[in-house]
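Note: the block below is model.txt and it holds compact mmCIF, C-alpha atoms.
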```
# COMPACT_ATOMS: atom_id res chain seq x y z
CA MET A 1 6.71 -17.77 -13.55
CA HIS A 2 8.41 -19.68 -10.74
CA GLU A 3 6.31 -22.80 -11.22
CA LEU A 4 9.19 -24.54 -12.99
CA SER A 5 11.43 -24.23 -9.94
CA ILE A 6 8.52 -25.36 -7.75
CA ALA A 7 8.00 -28.36 -10.06
CA ILE A 8 11.69 -29.24 -9.77
CA SER A 9 11.46 -29.09 -5.97
CA ILE A 10 8.44 -31.41 -6.08
CA ILE A 11 10.30 -33.84 -8.31
CA GLU A 12 13.35 -33.83 -6.05
CA GLY A 13 11.27 -34.40 -2.93
CA ALA A 14 9.17 -37.15 -4.51
CA SER A 15 12.19 -38.91 -6.06
CA GLN A 16 14.06 -38.94 -2.75
CA GLU A 17 11.04 -40.33 -0.99
CA ALA A 18 10.45 -42.98 -3.65
CA LEU A 19 14.08 -44.11 -3.56
CA SER A 20 14.16 -44.27 0.21
CA ARG A 21 11.07 -46.51 0.09
CA GLY A 22 12.64 -48.79 -2.46
CA GLY A 23 10.15 -47.66 -5.07
CA ALA A 24 11.12 -48.06 -8.66
CA GLN A 25 8.27 -46.35 -10.37
CA VAL A 26 6.20 -43.38 -9.31
CA HIS A 27 2.67 -43.36 -10.70
CA ALA A 28 1.42 -40.18 -9.10
CA VAL A 29 2.41 -37.34 -6.83
CA HIS A 30 -0.25 -35.77 -4.62
CA LEU A 31 0.03 -32.11 -3.75
CA LYS A 32 -1.99 -29.68 -1.67
CA LEU A 33 -2.05 -26.23 -3.21
CA GLY A 34 -3.39 -23.30 -1.22
CA ALA A 35 -5.09 -20.37 -2.92
CA LEU A 36 -2.52 -18.15 -1.16
CA SER A 37 0.51 -20.23 -2.10
CA GLY A 38 1.40 -17.88 -4.93
CA VAL A 39 1.56 -20.81 -7.34
CA VAL A 40 -0.60 -21.07 -10.45
CA LYS A 41 -2.07 -24.54 -10.87
CA ASP A 42 -2.07 -24.74 -14.67
CA ALA A 43 1.46 -23.41 -14.94
CA LEU A 44 2.57 -25.94 -12.35
CA LEU A 45 0.94 -28.86 -14.17
CA PHE A 46 2.60 -27.79 -17.40
CA SER A 47 5.98 -27.34 -15.70
CA TYR A 48 5.69 -30.71 -14.00
CA GLU A 49 5.21 -32.51 -17.27
CA VAL A 50 8.21 -30.79 -18.80
CA ALA A 51 10.46 -31.17 -15.78
CA THR A 52 9.75 -34.86 -15.18
CA ASN A 53 11.10 -35.74 -18.64
CA GLY A 54 14.15 -37.93 -18.24
CA THR A 55 13.64 -38.39 -14.50
CA MET A 56 12.29 -41.36 -12.58
CA LEU A 57 8.99 -39.48 -12.43
CA GLU A 58 8.55 -39.33 -16.18
CA GLY A 59 4.99 -40.23 -17.08
CA SER A 60 3.69 -39.78 -13.53
CA ARG A 61 0.60 -37.71 -12.75
CA LEU A 62 0.59 -34.64 -10.56
CA VAL A 63 -2.65 -34.71 -8.59
CA ILE A 64 -3.45 -31.32 -7.10
CA GLU A 65 -5.91 -30.74 -4.30
CA ASP A 66 -6.93 -27.09 -4.18
CA VAL A 67 -7.08 -25.66 -0.68
CA PRO A 68 -9.32 -22.61 -0.29
CA VAL A 69 -8.41 -19.86 2.15
CA VAL A 70 -9.89 -20.32 5.61
CA ILE A 71 -9.64 -17.53 8.15
CA TYR A 72 -10.43 -17.46 11.84
CA CYS A 73 -13.18 -14.98 12.62
CA SER A 74 -12.76 -13.67 16.15
CA GLU A 75 -16.32 -12.27 16.12
CA CYS A 76 -17.95 -15.61 15.27
CA GLN A 77 -15.17 -17.51 17.03
CA ALA A 78 -15.15 -19.87 14.09
CA GLU A 79 -13.17 -20.81 11.03
CA ARG A 80 -14.67 -19.43 7.86
CA ARG A 81 -13.89 -19.99 4.23
CA LEU A 82 -13.24 -16.78 2.31
CA LYS A 83 -15.52 -16.00 -0.58
CA SER A 84 -12.63 -14.40 -2.43
CA ILE A 85 -8.95 -13.89 -1.76
CA GLN A 86 -9.58 -10.24 -2.56
CA GLN A 87 -11.77 -9.90 0.52
CA PHE A 88 -10.34 -10.95 3.86
CA CYS A 89 -13.56 -10.70 5.79
CA CYS A 90 -15.88 -13.19 7.43
CA PRO A 91 -18.55 -14.30 4.91
CA VAL A 92 -21.06 -14.56 7.75
CA CYS A 93 -20.63 -11.46 9.91
CA GLY A 94 -18.39 -9.32 7.70
CA ALA A 95 -15.66 -8.80 10.31
CA LEU A 96 -12.16 -8.28 8.87
CA SER A 97 -9.57 -10.93 9.60
CA SER A 98 -5.94 -11.52 8.62
CA ASP A 99 -5.76 -14.71 10.63
CA VAL A 100 -5.17 -17.29 7.92
CA VAL A 101 -5.81 -20.85 9.12
CA ARG A 102 -5.44 -22.61 5.78
CA GLY A 103 -4.66 -21.60 2.22
CA ARG A 104 -0.88 -21.15 2.15
CA GLU A 105 -0.19 -24.86 1.56
CA LEU A 106 2.34 -26.00 -0.95
CA GLU A 107 2.65 -29.48 0.41
CA LEU A 108 3.81 -32.77 -1.00
CA VAL A 109 1.18 -35.01 0.56
CA ALA A 110 1.83 -38.47 -0.82
CA ILE A 111 3.27 -40.47 -3.67
CA GLU A 112 1.92 -43.54 -5.39
CA ILE A 113 4.77 -45.94 -5.96
CA GLU A 114 5.25 -49.37 -7.30
CA GLU A 115 7.91 -51.42 -5.62
CA VAL A 116 10.11 -53.81 -7.48
CA GLU A 117 10.12 -57.25 -5.95
CA GLU A 118 13.27 -59.25 -6.09
CA ILE A 119 12.85 -62.30 -8.22
CA VAL A 120 14.44 -65.13 -6.35
CA MET B 1 7.03 -59.23 -11.36
CA SER B 2 5.69 -56.19 -9.65
CA SER B 3 3.14 -55.29 -7.00
CA GLN B 4 0.17 -52.94 -7.11
CA PRO B 5 1.02 -49.27 -6.69
CA ARG B 6 0.64 -48.13 -3.11
CA LEU B 7 0.14 -44.72 -1.60
CA VAL B 8 2.94 -43.52 0.61
CA GLU B 9 2.31 -40.53 2.82
CA VAL B 10 5.02 -37.86 2.61
CA ARG B 11 3.59 -34.67 4.10
CA GLN B 12 6.35 -32.19 3.55
CA ASN B 13 6.46 -28.61 2.43
CA VAL B 14 7.68 -28.42 -1.15
CA LEU B 15 9.84 -25.44 -0.23
CA LYS B 16 11.20 -27.18 2.86
CA GLN B 17 14.82 -26.59 1.83
CA ASN B 18 14.20 -22.88 1.37
CA ASP B 19 12.25 -22.62 4.61
CA LEU B 20 14.96 -24.40 6.60
CA LEU B 21 17.62 -22.17 5.10
CA ALA B 22 15.54 -19.05 5.77
CA ARG B 23 15.10 -20.12 9.36
CA SER B 24 18.83 -20.57 9.84
CA LEU B 25 19.45 -17.18 8.19
CA ARG B 26 16.95 -15.58 10.55
CA GLN B 27 18.79 -17.09 13.51
CA ARG B 28 22.10 -15.79 12.18
CA PHE B 29 20.66 -12.31 11.70
CA GLU B 30 19.16 -12.40 15.17
CA ALA B 31 22.41 -13.53 16.76
CA ALA B 32 24.34 -10.79 14.96
CA GLY B 33 21.75 -8.16 15.87
CA VAL B 34 20.92 -7.30 12.26
CA PHE B 35 17.44 -6.17 11.32
CA VAL B 36 16.54 -7.39 7.84
CA VAL B 37 14.05 -5.68 5.58
CA SER B 38 13.01 -7.01 2.18
CA LEU B 39 11.43 -4.90 -0.52
CA VAL B 40 9.03 -6.32 -3.10
CA SER B 41 7.10 -4.60 -5.87
CA SER B 42 6.43 -4.74 -9.58
CA PRO B 43 9.20 -3.43 -11.85
CA GLY B 44 9.47 0.33 -11.80
CA SER B 45 7.66 1.04 -8.53
CA GLY B 46 10.67 2.79 -7.09
CA LYS B 47 12.35 0.19 -4.88
CA THR B 48 15.86 1.26 -5.81
CA THR B 49 15.17 4.99 -5.50
CA LEU B 50 13.58 4.55 -2.09
CA LEU B 51 16.39 2.26 -0.99
CA GLU B 52 19.05 4.72 -2.10
CA LYS B 53 17.42 7.47 0.00
CA THR B 54 16.92 5.10 2.91
CA LEU B 55 20.55 3.95 2.95
CA THR B 56 21.85 7.52 2.68
CA ARG B 57 19.67 8.76 5.53
CA LEU B 58 20.42 5.85 7.82
CA ILE B 59 24.17 6.22 7.19
CA ASP B 60 24.00 9.97 7.85
CA ASN B 61 22.52 9.11 11.21
CA GLY B 62 25.36 6.81 12.08
CA ASN B 63 23.79 3.46 11.29
CA ARG B 64 25.67 0.61 9.71
CA VAL B 65 23.61 -0.56 6.77
CA ALA B 66 24.09 -2.74 3.70
CA ALA B 67 21.99 -3.95 0.80
CA LEU B 68 21.58 -6.98 -1.43
CA VAL B 69 19.80 -6.25 -4.64
CA GLY B 70 18.28 -8.77 -7.02
CA ASP B 71 18.00 -8.20 -10.72
CA LEU B 72 17.43 -10.46 -13.71
CA ALA B 73 20.23 -9.19 -15.88
CA THR B 74 21.97 -5.97 -14.93
CA GLU B 75 24.11 -4.57 -12.16
CA ASN B 76 22.72 -1.07 -12.61
CA ASP B 77 20.88 -1.04 -9.31
CA ALA B 78 23.98 -1.91 -7.30
CA ALA B 79 25.86 0.90 -9.03
CA ARG B 80 23.08 3.34 -8.12
CA LEU B 81 22.91 2.17 -4.53
CA ALA B 82 26.68 2.30 -4.10
CA ARG B 83 26.39 6.11 -4.30
CA SER B 84 24.96 5.94 -0.78
CA GLN B 85 28.39 4.61 0.38
CA ALA B 86 26.72 1.53 1.85
CA PRO B 87 28.16 -1.90 1.04
CA VAL B 88 26.02 -3.25 -1.78
CA LYS B 89 26.00 -6.57 -3.60
CA GLN B 90 24.05 -7.36 -6.72
CA ILE B 91 22.45 -10.75 -7.08
CA VAL B 92 22.02 -11.33 -10.80
CA THR B 93 19.46 -14.09 -10.98
CA GLY B 94 19.69 -14.77 -14.71
CA THR B 95 16.28 -16.03 -15.70
CA VAL B 96 15.05 -16.62 -12.17
CA CYS B 97 12.21 -14.26 -11.28
CA HIS B 98 12.69 -14.13 -7.52
CA LEU B 99 15.32 -14.35 -4.80
CA ASP B 100 15.51 -17.38 -2.55
CA ALA B 101 17.18 -18.02 0.77
CA ASP B 102 20.14 -19.78 -0.84
CA MET B 103 20.94 -16.77 -3.05
CA VAL B 104 20.83 -14.55 0.02
CA GLN B 105 23.07 -16.86 1.99
CA ARG B 106 25.66 -17.07 -0.78
CA SER B 107 25.65 -13.31 -1.24
CA LEU B 108 26.42 -12.75 2.42
CA GLU B 109 29.78 -14.47 2.12
CA GLY B 110 32.57 -12.09 3.01
CA TRP B 111 30.36 -9.79 5.09
CA GLU B 112 30.60 -9.63 8.86
CA LEU B 113 26.98 -9.51 9.94
CA LYS B 114 27.84 -8.27 13.40
CA ASP B 115 29.23 -5.12 11.80
CA LEU B 116 25.75 -4.27 10.49
CA ASP B 117 22.65 -2.80 12.12
CA CYS B 118 20.34 -3.21 9.20
CA LEU B 119 20.37 -5.17 5.95
CA PHE B 120 18.03 -4.44 3.07
CA ILE B 121 17.19 -7.04 0.45
CA GLU B 122 15.66 -5.68 -2.75
CA ASN B 123 13.86 -8.47 -4.56
CA VAL B 124 13.51 -8.80 -8.31
CA GLY B 125 10.69 -6.59 -9.59
CA ASN B 126 7.81 -9.08 -9.56
CA LEU B 127 4.60 -9.22 -7.56
CA VAL B 128 3.96 -12.93 -8.01
CA CYS B 129 6.93 -15.22 -7.50
CA PRO B 130 8.70 -13.62 -4.50
CA SER B 131 5.65 -14.27 -2.32
CA SER B 132 6.48 -17.97 -1.98
CA TYR B 133 10.05 -17.57 -0.73
CA ASP B 134 11.01 -16.73 2.82
CA LEU B 135 14.38 -14.94 2.82
CA GLY B 136 14.83 -14.85 6.58
CA GLU B 137 13.75 -11.20 6.70
CA ASN B 138 12.14 -9.53 9.72
CA LEU B 139 9.98 -7.19 7.71
CA ARG B 140 8.59 -7.48 4.20
CA VAL B 141 7.72 -4.16 2.59
CA VAL B 142 5.49 -4.15 -0.49
CA LEU B 143 5.65 -1.05 -2.66
CA MET B 144 3.05 0.19 -5.10
CA SER B 145 3.40 3.38 -7.06
CA VAL B 146 0.55 5.72 -7.85
CA THR B 147 1.15 5.23 -11.57
CA GLU B 148 0.21 1.55 -11.27
CA GLY B 149 -3.35 2.26 -10.18
CA GLU B 150 -5.18 1.69 -6.92
CA ASP B 151 -6.35 -1.83 -7.76
CA LYS B 152 -2.88 -3.41 -7.59
CA PRO B 153 -3.61 -5.13 -4.25
CA LEU B 154 -6.71 -6.81 -5.71
CA LYS B 155 -4.70 -8.07 -8.67
CA TYR B 156 -1.89 -9.45 -6.50
CA PRO B 157 -3.53 -10.35 -3.18
CA THR B 158 -0.98 -13.01 -2.26
CA ILE B 159 2.05 -10.75 -2.14
CA PHE B 160 0.12 -8.04 -0.27
CA ASN B 161 -1.09 -10.67 2.15
CA THR B 162 2.42 -11.90 2.92
CA ALA B 163 3.79 -8.37 3.43
CA ASP B 164 4.05 -6.55 6.76
CA VAL B 165 3.65 -3.01 5.50
CA ALA B 166 2.55 -1.37 2.25
CA VAL B 167 4.22 1.78 0.94
CA ILE B 168 2.56 3.88 -1.74
CA THR B 169 5.34 5.56 -3.74
CA LYS B 170 5.63 8.44 -6.24
CA MET B 171 3.00 10.43 -4.35
CA ASP B 172 4.27 13.57 -6.13
CA LEU B 173 2.59 12.17 -9.26
CA ALA B 174 -0.70 11.25 -7.56
CA GLU B 175 -2.65 14.23 -8.81
CA ALA B 176 -1.33 14.02 -12.35
CA VAL B 177 -2.43 10.39 -12.70
CA GLU B 178 -5.68 10.93 -10.73
CA PHE B 179 -4.70 8.34 -8.18
CA ASP B 180 -7.54 7.27 -5.88
CA LEU B 181 -5.75 7.21 -2.52
CA ALA B 182 -8.81 6.25 -0.47
CA GLY B 183 -9.53 3.43 -2.90
CA ALA B 184 -5.95 2.19 -2.60
CA TYR B 185 -6.19 2.11 1.20
CA GLU B 186 -9.48 0.26 0.96
CA ASN B 187 -8.05 -2.33 -1.44
CA ILE B 188 -5.00 -2.92 0.73
CA GLN B 189 -7.18 -3.39 3.81
CA SER B 190 -9.40 -5.75 1.85
CA VAL B 191 -6.56 -8.18 1.09
CA ARG B 192 -4.64 -7.64 4.33
CA PRO B 193 -6.81 -6.19 7.08
CA GLY B 194 -4.89 -4.20 9.63
CA MET B 195 -1.74 -3.74 7.57
CA GLU B 196 0.00 -0.42 8.07
CA VAL B 197 0.07 1.76 4.96
CA LEU B 198 2.54 4.59 4.37
CA GLN B 199 2.75 7.03 1.51
CA LEU B 200 5.76 8.92 0.27
CA SER B 201 7.68 10.47 -2.55
CA ALA B 202 11.32 9.45 -2.56
CA LYS B 203 11.90 12.25 -5.07
CA THR B 204 10.58 15.14 -2.99
CA GLY B 205 11.24 13.50 0.36
CA ASP B 206 7.63 13.87 1.50
CA GLY B 207 6.74 11.02 3.83
CA LEU B 208 10.31 9.76 4.05
CA ASN B 209 10.66 10.65 7.72
CA GLU B 210 7.53 8.71 8.56
CA TYR B 211 8.82 5.71 6.62
CA LEU B 212 12.21 5.79 8.32
CA GLY B 213 10.49 6.30 11.67
CA PHE B 214 8.38 3.23 11.00
CA LEU B 215 11.45 1.12 10.16
CA VAL B 216 13.22 2.28 13.29
CA SER B 217 10.20 1.56 15.48
CA ARG B 218 10.03 -1.95 14.07
CA MET B 219 13.73 -2.45 14.71
CA GLU B 220 13.34 -1.21 18.26
CA SER B 221 10.38 -3.44 18.91
CA ARG B 222 12.80 -6.29 18.35
CA SER B 223 14.57 -5.02 21.47
CA LEU B 224 17.43 -3.50 19.54
CA VAL B 225 16.84 -0.22 21.32
CA GLY B 226 19.59 2.27 20.73
CA LYS B 227 21.28 0.36 17.96
CA VAL B 228 19.58 2.26 15.19
CA SER B 229 18.72 5.91 15.13
CA VAL B 230 17.13 8.32 12.74
CA GLY B 231 17.68 12.05 12.95
```

This structure in structure tokens:
Amino acid sequence: MHELSIAISIIEGASQEALSRGGAQVHAVHLKLGALSGVVKDALLFSYEVATNGTMLEGSRLVIEDVPVVIYCSECQAERRLKSIQQFCCPVCGALSSDVVRGRELELVAIEIEEVEEIV
Amino acid sequence: MSSQPRLVEVRQNVLKQNDLLARSLRQRFEAAGVFVVSLVSSPGSGKTTLLEKTLTRLIDNGNRVAALVGDLATENDAARLARSQAPVKQIVTGTVCHLDADMVQRSLEGWELKDLDCLFIENVGNLVCPSSYDLGENLRVVLMSVTEGEDKPLKYPTIFNTADVAVITKMDLAEAVEFDLAGAYENIQSVRPGMEVLQLSAKTGDGLNEYLGFLVSRMESRSLVGKVSVG
């Protein structure tokens, strides 16, 4: 269970970004999560809620976009989405491939922030 | 008064800090001419036993080797490995279930990397969490023992997919536990096509020469010819 340390890294990254943009409140954090990232979505969502307590991200949503594994099939000369991460073969022609194009993502994509405007 | 929330693009790897640190470690290792091998497996697959034999054999053949070994709570593994006469440091992670690049970097303090030919990093016994963390290693070895069953790769595809070589351990017990060797090969190839698979028994020594030969060939392919030898 390393999702808690991953959640803390997300919170640090998002907080830094929000502060550098002059944001006061973060409404949501958008994340891309690959099927081969080694991170369990539910555990991450749970950890995020716990770890944001008492931080500037408290109450914010973690929005996760699942990224399926896409391999490059040299037989078809095309990118193909795996049917299962237990079977690294082209779903069309059946050729084996270890050439992962997408699916390892653990990426902080964007944050939704609300800026505080100075009242003059 | 406040404005509507707006979406700000960030686009950065969550483990950026670890990845940057791992990259700088890899450069340090490269500059010092150290080949770095990490070992991952579930608890009890035989990482420490294999490492003890590996260190002893490499030292006997005149190589300068050292090991970092991760464990949640004890220093038992370091004590076992120290019998090989290699410099060994234990990284007690507390409750953390994996090693990260920062732990590796801190553990290297006080060691002259240029005095080493090969450094082994034994991760915490865990087939899930270590897969996300680059440690700056050149080669990631995943171990599975025959007692765990041949479907381990299908249960933990991510770690097998990030590894460079799979080693099936405790082969001396294969018959007793009716281990399906062909099935194991098939499952490994299914989650990581083309990955080299070795089999051995650290206890009897069967397959150990092939394993050491494989390590040496990988070291040499990094143009470190002559630095490391196996008898």

Counting all atoms listed in the file, the residue of A:Val29, A:Leu19, A:Leu44, A:Ile11 that sits nearest Leu62 (chain A): A:Val29

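Proximity ranking of A:Gly54, A:Gly34, A:Pro68, A:Gly22 relative to Lys83 (chain A) places A:Pro68 first, based on all atoms listed in the file.
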
Identify every residue of chain A that has at least one atom within 7 Å of any atom of chain B, counting only C-alpha atoms, and report the result as a list in words. Met1, His2, Ser9, Ile10, Leu36, Ser37, Gly38, Ile85, Gln86, Gln87, Phe88, Leu96, Ser97, Ser98, Leu106, Glu107, Leu108, Val109, Ala110, Ile111, Glu112, Ile113, Glu114, Glu115, Val116 and Glu117 of chain A

May I have the residues within 9 Å of Ala86 (chain B) as a ChimeraX atom specification, using only C-alpha atoms and disregarding those fewer than 6 positions away in the same chain? /B:55-56,59,64-67

Polymer residues at most 7 Å from region 200-215 of chain B, all atoms listed in the file, same-chain spacing of 3 or more positions, as a ChimeraX atom specification: /B:49-50,53,168-172,218-219

Leaving out Arg106 (chain B) and any residue of its chain fewer than 3 positions from it, which residues lie within 12 Å of it when counting all atoms listed in the file, given as an MDAnalysis selection string? chainID B and resid 21 25 68 89:91 99:103 109:111

Residues within 7 Å of Val70 (chain A), all atoms listed in the file, excluding chain neighbours under 5 positions, as a VMD selection string: chain A and resid 79 to 82 100 to 103

Please write N, CA and C atoms of region 110-128 of chain B, from the structure given just now, as a PDB file, in the first residue's frame.
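result.pdb, written as the output of this step:
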```
ATOM      1  N   GLY B 110      29.104   7.778   2.612  1.00  0.00           N
ATOM      2  CA  GLY B 110      30.228   7.106   3.259  1.00  0.00           C
ATOM      3  C   GLY B 110      30.858   6.016   2.408  1.00  0.00           C
ATOM      4  N   TRP B 111      30.223   5.678   1.297  1.00  0.00           N
ATOM      5  CA  TRP B 111      30.794   4.671   0.395  1.00  0.00           C
ATOM      6  C   TRP B 111      31.414   5.353  -0.812  1.00  0.00           C
ATOM      7  N   GLU B 112      32.590   4.892  -1.191  1.00  0.00           N
ATOM      8  CA  GLU B 112      33.231   5.383  -2.414  1.00  0.00           C
ATOM      9  C   GLU B 112      32.762   4.516  -3.563  1.00  0.00           C
ATOM     10  N   LEU B 113      31.898   5.068  -4.409  1.00  0.00           N
ATOM     11  CA  LEU B 113      31.339   4.250  -5.488  1.00  0.00           C
ATOM     12  C   LEU B 113      32.404   3.749  -6.456  1.00  0.00           C
ATOM     13  N   LYS B 114      33.454   4.553  -6.631  1.00  0.00           N
ATOM     14  CA  LYS B 114      34.467   4.128  -7.602  1.00  0.00           C
ATOM     15  C   LYS B 114      35.256   2.911  -7.119  1.00  0.00           C
ATOM     16  N   ASP B 115      35.117   2.589  -5.834  1.00  0.00           N
ATOM     17  CA  ASP B 115      35.768   1.382  -5.318  1.00  0.00           C
ATOM     18  C   ASP B 115      34.913   0.133  -5.517  1.00  0.00           C
ATOM     19  N   LEU B 116      33.783   0.285  -6.190  1.00  0.00           N
ATOM     20  CA  LEU B 116      32.879  -0.854  -6.393  1.00  0.00           C
ATOM     21  C   LEU B 116      32.744  -1.204  -7.877  1.00  0.00           C
ATOM     22  N   ASP B 117      32.544  -2.496  -8.141  1.00  0.00           N
ATOM     23  CA  ASP B 117      32.222  -2.934  -9.502  1.00  0.00           C
ATOM     24  C   ASP B 117      30.724  -3.137  -9.653  1.00  0.00           C
ATOM     25  N   CYS B 118      30.121  -3.607  -8.570  1.00  0.00           N
ATOM     26  CA  CYS B 118      28.718  -3.956  -8.654  1.00  0.00           C
ATOM     27  C   CYS B 118      28.011  -3.701  -7.320  1.00  0.00           C
ATOM     28  N   LEU B 119      26.860  -3.089  -7.393  1.00  0.00           N
ATOM     29  CA  LEU B 119      26.064  -2.816  -6.196  1.00  0.00           C
ATOM     30  C   LEU B 119      24.709  -3.500  -6.349  1.00  0.00           C
ATOM     31  N   PHE B 120      24.329  -4.247  -5.331  1.00  0.00           N
ATOM     32  CA  PHE B 120      23.012  -4.891  -5.334  1.00  0.00           C
ATOM     33  C   PHE B 120      22.088  -4.148  -4.379  1.00  0.00           C
ATOM     34  N   ILE B 121      20.857  -3.974  -4.799  1.00  0.00           N
ATOM     35  CA  ILE B 121      19.850  -3.345  -3.939  1.00  0.00           C
ATOM     36  C   ILE B 121      18.698  -4.334  -3.769  1.00  0.00           C
ATOM     37  N   GLU B 122      18.545  -4.839  -2.556  1.00  0.00           N
ATOM     38  CA  GLU B 122      17.444  -5.770  -2.298  1.00  0.00           C
ATOM     39  C   GLU B 122      16.256  -4.982  -1.788  1.00  0.00           C
ATOM     40  N   ASN B 123      15.179  -4.983  -2.543  1.00  0.00           N
ATOM     41  CA  ASN B 123      14.005  -4.210  -2.141  1.00  0.00           C
ATOM     42  C   ASN B 123      13.242  -4.915  -1.021  1.00  0.00           C
ATOM     43  N   VAL B 124      12.328  -4.210  -0.423  1.00  0.00           N
ATOM     44  CA  VAL B 124      11.435  -4.798   0.574  1.00  0.00           C
ATOM     45  C   VAL B 124      10.607  -5.887  -0.134  1.00  0.00           C
ATOM     46  N   GLY B 125      10.372  -6.994   0.550  1.00  0.00           N
ATOM     47  CA  GLY B 125       9.572  -8.058  -0.043  1.00  0.00           C
ATOM     48  C   GLY B 125       8.156  -7.586  -0.319  1.00  0.00           C
ATOM     49  N   ASN B 126       7.836  -7.362  -1.598  1.00  0.00           N
ATOM     50  CA  ASN B 126       6.560  -6.765  -1.972  1.00  0.00           C
ATOM     51  C   ASN B 126       6.516  -6.752  -3.496  1.00  0.00           C
ATOM     52  N   LEU B 127       5.455  -7.271  -4.067  1.00  0.00           N
ATOM     53  CA  LEU B 127       5.393  -7.325  -5.537  1.00  0.00           C
ATOM     54  C   LEU B 127       4.541  -6.202  -6.127  1.00  0.00           C
ATOM     55  N   VAL B 128       4.084  -5.293  -5.275  1.00  0.00           N
ATOM     56  CA  VAL B 128       3.213  -4.241  -5.780  1.00  0.00           C
ATOM     57  C   VAL B 128       3.935  -2.886  -5.799  1.00  0.00           C
TER      58      VAL B 128
END
```
